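Undergrad: Please find one structure pasted underneath; my questions will follow.
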Amino acid sequence: MVDGNTEVIAHLGWPTHSFKAPMIYNPYFESAGINARVVPMGCKAEAFPQVLRALFSLENIRGALITMPHKVSVVDLLDEVSPTVRVAGACNAVRRDAAGRLVGDMFDGEGFVRGLRRKGVQLAGARALVVGCGGVGSAIAASLAGAGVGAIALFDVQAGTMEGLAQRLRTHYPAVQVSTGSTDPAGMDVAVNATPLGMNPGDPLPMDMDRLSPRTFVGEVVMKTETTAFLAAAQARGCPVQVGTDMLFEMIPAYLEFFGLPTTDAQTLRSLARLQY
């Protein structure tokens, strides 16, 4: 039920066909009696600055979830950001504080790492490959560094984006060995697809699967289907995997706290979710 007291959390991104958040948040809000709704709002890059400002002029806006392609560009539009945002160079949650300022934080990496830990992955001293250094890849790399991995290999087709993330990691996490320019997963303990590859049929795989060891834990961020072509290929190699929605379920409790709403746990969210693919 939506009424005159309903608060809105905008889900801003483009394209919207792969959005899963409304199918998780809204059943939880119903169950918990929280009069708020997550609403997908399709917004292309050129319109984003105007749309963000206009949304936060509304009186019943609780906040915004920020997704592709806006996670990096939104940072320069905010008044205050968390340390995680500064390291990742990206943001996926925005709220308006009591003074009317726009405040941003980033939870992708936290959700991804929480999921790995729940599955028993030992991150201290591990070697990780992150393919894709945009918003989500930057956040995952930052959180992996914060979790104590020993080495991170980065790759992105945009060399400037890749090298910028590498420099920020070296500055904030000098104990972590950072390398760039290769998608080779050989010798890695964790390998992550943080690119959009897999959202469309026929997309190439993000790394050479023949070089992937069965002991490597493989993670995905694409949520269009639960088992993407990348994850299917990893499972065929014998690798344990984490599906894209695991990251989402694990980060939502932190989001709810950020928005000042009653929080819950990933298991409860999964039991209530009405996911469709």
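Ligands are numbered from 1 in the order shown, chains are lettered A, B, ... in the order of the structure tokens, and residues start at 1 in each chain.
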Report as a PyMOL selection string all protein, DNA and RNA residues lying within 10 Å of stretch 109-117 of chain A, evaluated on only C-alpha atoms, omitting residues in the same chain fewer than 3 positions from it.
TA: chain A and resi 84+88+106+120-123+135-144+146-147+190+192+217-221+241-255+266
Undergrad: List as a PyMOL selection string the protein and nucleic acid residues near A:Arg237, meaning an atom at most 9 Å away when only C-alpha atoms are counted, but skip any in the same chain fewer than 2 places from it.
TA: chain A and resi 209-210+212-214+232-235+239
Undergrad: Could the residues in this selection be written to a file with N, CA, C and O atoms, as a PDB file, in the first residue's frame?
TA:
```pdb
ATOM      1  N   MET A 209      39.243 -18.659 -18.810  1.00  0.00           N
ATOM      2  CA  MET A 209      38.786 -19.691 -17.879  1.00  0.00           C
ATOM      3  C   MET A 209      39.714 -20.904 -17.863  1.00  0.00           C
ATOM      4  O   MET A 209      39.767 -21.628 -16.869  1.00  0.00           O
ATOM      5  N   ASP A 210      40.469 -21.112 -18.930  1.00  0.00           N
ATOM      6  CA  ASP A 210      41.402 -22.237 -18.966  1.00  0.00           C
ATOM      7  C   ASP A 210      42.550 -22.055 -17.983  1.00  0.00           C
ATOM      8  O   ASP A 210      43.228 -23.024 -17.627  1.00  0.00           O
ATOM      9  N   LEU A 212      42.082 -20.869 -14.939  1.00  0.00           N
ATOM     10  CA  LEU A 212      41.453 -20.792 -13.626  1.00  0.00           C
ATOM     11  C   LEU A 212      41.617 -22.105 -12.869  1.00  0.00           C
ATOM     12  O   LEU A 212      41.249 -23.167 -13.363  1.00  0.00           O
ATOM     13  N   SER A 213      42.171 -22.035 -11.666  1.00  0.00           N
ATOM     14  CA  SER A 213      42.342 -23.226 -10.837  1.00  0.00           C
ATOM     15  C   SER A 213      41.028 -23.581 -10.144  1.00  0.00           C
ATOM     16  O   SER A 213      40.279 -22.678  -9.739  1.00  0.00           O
ATOM     17  N   PRO A 214      40.739 -24.869  -9.964  1.00  0.00           N
ATOM     18  CA  PRO A 214      39.519 -25.269  -9.244  1.00  0.00           C
ATOM     19  C   PRO A 214      39.469 -24.762  -7.805  1.00  0.00           C
ATOM     20  O   PRO A 214      38.393 -24.714  -7.207  1.00  0.00           O
ATOM     21  N   ALA A 232      28.861 -20.206 -14.691  1.00  0.00           N
ATOM     22  CA  ALA A 232      28.705 -21.575 -15.200  1.00  0.00           C
ATOM     23  C   ALA A 232      30.051 -22.136 -15.647  1.00  0.00           C
ATOM     24  O   ALA A 232      30.379 -23.302 -15.379  1.00  0.00           O
ATOM     25  N   ALA A 233      30.851 -21.303 -16.311  1.00  0.00           N
ATOM     26  CA  ALA A 233      32.169 -21.752 -16.763  1.00  0.00           C
ATOM     27  C   ALA A 233      33.085 -22.017 -15.567  1.00  0.00           C
ATOM     28  O   ALA A 233      33.889 -22.967 -15.579  1.00  0.00           O
ATOM     29  N   ALA A 234      32.983 -21.188 -14.522  1.00  0.00           N
ATOM     30  CA  ALA A 234      33.792 -21.394 -13.320  1.00  0.00           C
ATOM     31  C   ALA A 234      33.391 -22.680 -12.613  1.00  0.00           C
ATOM     32  O   ALA A 234      34.248 -23.457 -12.163  1.00  0.00           O
ATOM     33  N   GLN A 235      32.087 -22.921 -12.504  1.00  0.00           N
ATOM     34  CA  GLN A 235      31.614 -24.148 -11.866  1.00  0.00           C
ATOM     35  C   GLN A 235      32.044 -25.376 -12.650  1.00  0.00           C
ATOM     36  O   GLN A 235      32.364 -26.419 -12.070  1.00  0.00           O
ATOM     37  N   CYS A 239      35.183 -24.666  -9.527  1.00  0.00           N
ATOM     38  CA  CYS A 239      35.383 -23.555  -8.600  1.00  0.00           C
ATOM     39  C   CYS A 239      34.142 -23.300  -7.737  1.00  0.00           C
ATOM     40  O   CYS A 239      33.011 -23.345  -8.246  1.00  0.00           O
TER      41      CYS A 239
END
```
Undergrad: What parts of stretch 24-202 of chain A does DSSP call strand (DSSP E)? I'd like the answer as an MDAnalysis selection string.
TA: chainID A and resid 36:42 61:66 80:81 93:96 102:105 127:131 151:155 177:180 190:193
Undergrad: So which bits of stretch 3-179 of chain A end up alpha helix (DSSP H) when you DSSP the backbone, as a PyMOL selection string?
TA: chain A and resi 22-32+48-55+83-88+108-118+135-146+159-172
Undergrad: Using only C-alpha atoms, determine which residues lie at most 8 Å from stretch 163-174 of chain A, disregarding the query and same-chain residues fewer than 2 positions distant; provide the list as a PyMOL selection string.
TA: chain A and resi 87-89+133+138+142+145-146+154+159-161+176-180
Undergrad: Just all heavy atoms for this one: save the residues we selected as a tab-separated table (two decimals), in the first residue's frame.
TA:
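What follows is the written file out34.tsv:
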```
chain	number	residue	atom	x	y	z
A	87	VAL	N	38.31	6.05	-1.16
A	87	VAL	CA	39.22	5.02	-1.66
A	87	VAL	C	38.69	4.40	-2.94
A	87	VAL	O	39.42	4.22	-3.92
A	87	VAL	CB	39.43	3.92	-0.59
A	87	VAL	CG1	40.26	2.77	-1.17
A	87	VAL	CG2	40.11	4.49	0.64
A	88	ALA	N	37.39	4.07	-2.95
A	88	ALA	CA	36.80	3.40	-4.10
A	88	ALA	C	36.61	4.36	-5.28
A	88	ALA	O	36.55	3.92	-6.43
A	88	ALA	CB	35.46	2.78	-3.71
A	89	GLY	N	36.49	5.65	-4.99
A	89	GLY	CA	36.20	6.60	-6.06
A	89	GLY	C	34.80	6.44	-6.60
A	89	GLY	O	34.50	6.84	-7.73
A	133	CYS	N	37.18	-1.96	-13.08
A	133	CYS	CA	37.59	-1.00	-12.05
A	133	CYS	C	36.67	0.21	-12.00
A	133	CYS	O	37.07	1.30	-11.61
A	133	CYS	CB	39.03	-0.55	-12.27
A	133	CYS	SG	40.23	-1.89	-12.18
A	138	SER	N	35.86	-0.99	-8.03
A	138	SER	CA	36.66	-0.18	-7.13
A	138	SER	C	36.27	-0.44	-5.68
A	138	SER	O	37.14	-0.56	-4.79
A	138	SER	CB	36.48	1.30	-7.44
A	138	SER	OG	36.97	1.61	-8.72
A	142	ALA	N	38.65	-2.09	-2.80
A	142	ALA	CA	38.90	-1.37	-1.56
A	142	ALA	C	38.56	-2.22	-0.35
A	142	ALA	O	39.30	-2.25	0.64
A	142	ALA	CB	38.12	-0.06	-1.53
A	145	ALA	N	41.07	-5.04	0.14
A	145	ALA	CA	42.28	-4.50	0.77
A	145	ALA	C	42.06	-4.29	2.26
A	145	ALA	O	42.91	-4.64	3.09
A	145	ALA	CB	42.68	-3.19	0.09
A	146	GLY	N	40.90	-3.74	2.61
A	146	GLY	CA	40.58	-3.52	4.01
A	146	GLY	C	40.45	-4.81	4.79
A	146	GLY	O	40.65	-4.83	6.01
A	154	LEU	N	44.53	-5.85	-10.84
A	154	LEU	CA	43.43	-5.09	-11.41
A	154	LEU	C	43.48	-5.10	-12.93
A	154	LEU	O	44.57	-5.07	-13.52
A	154	LEU	CB	43.48	-3.63	-10.94
A	154	LEU	CG	43.46	-3.36	-9.43
A	154	LEU	CD1	43.71	-1.88	-9.17
A	154	LEU	CD2	42.15	-3.82	-8.82
A	159	ALA	N	42.39	2.30	-19.14
A	159	ALA	CA	43.65	2.26	-18.39
A	159	ALA	C	43.71	3.33	-17.31
A	159	ALA	O	44.23	3.09	-16.21
A	159	ALA	CB	44.83	2.42	-19.35
A	160	GLY	N	43.18	4.50	-17.58
A	160	GLY	CA	43.22	5.57	-16.59
A	160	GLY	C	42.42	5.23	-15.35
A	160	GLY	O	42.84	5.52	-14.22
A	161	THR	N	41.28	4.61	-15.55
A	161	THR	CA	40.44	4.18	-14.43
A	161	THR	C	41.17	3.15	-13.58
A	161	THR	O	41.18	3.20	-12.35
A	161	THR	CB	39.11	3.61	-14.95
A	161	THR	OG1	38.42	4.63	-15.67
A	161	THR	CG2	38.23	3.10	-13.82
A	176	VAL	N	49.47	-3.79	0.80
A	176	VAL	CA	48.90	-4.66	-0.24
A	176	VAL	C	49.68	-4.48	-1.53
A	176	VAL	O	49.89	-3.36	-2.00
A	176	VAL	CB	47.41	-4.34	-0.47
A	176	VAL	CG1	46.84	-5.23	-1.57
A	176	VAL	CG2	46.62	-4.51	0.83
A	177	GLN	N	50.11	-5.58	-2.12
A	177	GLN	CA	50.80	-5.54	-3.42
A	177	GLN	C	49.76	-5.34	-4.51
A	177	GLN	O	48.85	-6.16	-4.66
A	177	GLN	CB	51.55	-6.85	-3.64
A	177	GLN	CG	52.27	-6.91	-4.98
A	177	GLN	CD	52.87	-8.29	-5.24
A	177	GLN	OE1	53.03	-9.09	-4.33
A	177	GLN	NE2	53.18	-8.56	-6.50
A	178	VAL	N	49.87	-4.29	-5.29
A	178	VAL	CA	48.90	-3.98	-6.33
A	178	VAL	C	49.57	-4.04	-7.69
A	178	VAL	O	50.61	-3.42	-7.92
A	178	VAL	CB	48.29	-2.58	-6.12
A	178	VAL	CG1	47.26	-2.27	-7.22
A	178	VAL	CG2	47.64	-2.48	-4.74
A	179	SER	N	48.97	-4.80	-8.62
A	179	SER	CA	49.46	-4.87	-9.99
A	179	SER	C	48.31	-4.57	-10.95
A	179	SER	O	47.14	-4.67	-10.59
A	179	SER	CB	50.05	-6.25	-10.29
A	179	SER	OG	49.07	-7.27	-10.12
A	180	THR	N	48.64	-4.22	-12.18
A	180	THR	CA	47.61	-3.84	-13.15
A	180	THR	C	47.91	-4.45	-14.52
A	180	THR	O	49.03	-4.82	-14.83
A	180	THR	CB	47.54	-2.31	-13.31
A	180	THR	OG1	48.82	-1.82	-13.77
A	180	THR	CG2	47.19	-1.63	-12.00
```
Undergrad: What's around A:Val222 at 10 Å? Count only C-alpha atoms, leave out sequence neighbours fewer than 4 positions away in its own chain, and write the answer as a PyMOL selection string.
TA: chain A and resi 18+193-199+226-228+230+243-245
Undergrad: Which stretch 23-56 of chain A residues have any atom within 7 Å of an atom of stretch 2-10 of chain A, and for each, what is the nearest pair of atoms with distance in Å to one decimal, counting only C-alpha atoms, rows sorted by chain and number, as JSON lines?
TA:
```
{"residue": "A:Asn35", "atom": "CA", "partner": "A:Thr6", "partner_atom": "CA", "distance": 5.1}
{"residue": "A:Ala36", "atom": "CA", "partner": "A:Glu7", "partner_atom": "CA", "distance": 4.5}
{"residue": "A:Arg37", "atom": "CA", "partner": "A:Val8", "partner_atom": "CA", "distance": 5.3}
{"residue": "A:Val38", "atom": "CA", "partner": "A:Ile9", "partner_atom": "CA", "distance": 4.7}
{"residue": "A:Val39", "atom": "CA", "partner": "A:Ala10", "partner_atom": "CA", "distance": 5.2}
{"residue": "A:Pro40", "atom": "CA", "partner": "A:Ala10", "partner_atom": "CA", "distance": 6.2}
{"residue": "A:Met41", "atom": "CA", "partner": "A:Ala10", "partner_atom": "CA", "distance": 6.5}
```
Undergrad: Tell me which of A:Ala126, A:Gly150, A:Ser182, A:Ala229 sits closest to A:Asp203, counting only C-alpha atoms.
TA: A:Ala229
Undergrad: Nearest to A:Ala32: which of A:Pro262, A:His17, A:Ala98, A:Gln267 is it, counting only C-alpha atoms?
TA: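 Looking at the shortest contact to A:Ala32, the residue is A:Pro262.
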Undergrad: Under the rule that only C-alpha atoms are counted, which of A:Arg127, A:Arg86, A:Arg96, A:Lys71 is the nearest residue to A:Asp108?
TA: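 Between A:Arg127, A:Arg86, A:Arg96, A:Lys71, the residue approaching A:Asp108 most closely is A:Lys71.
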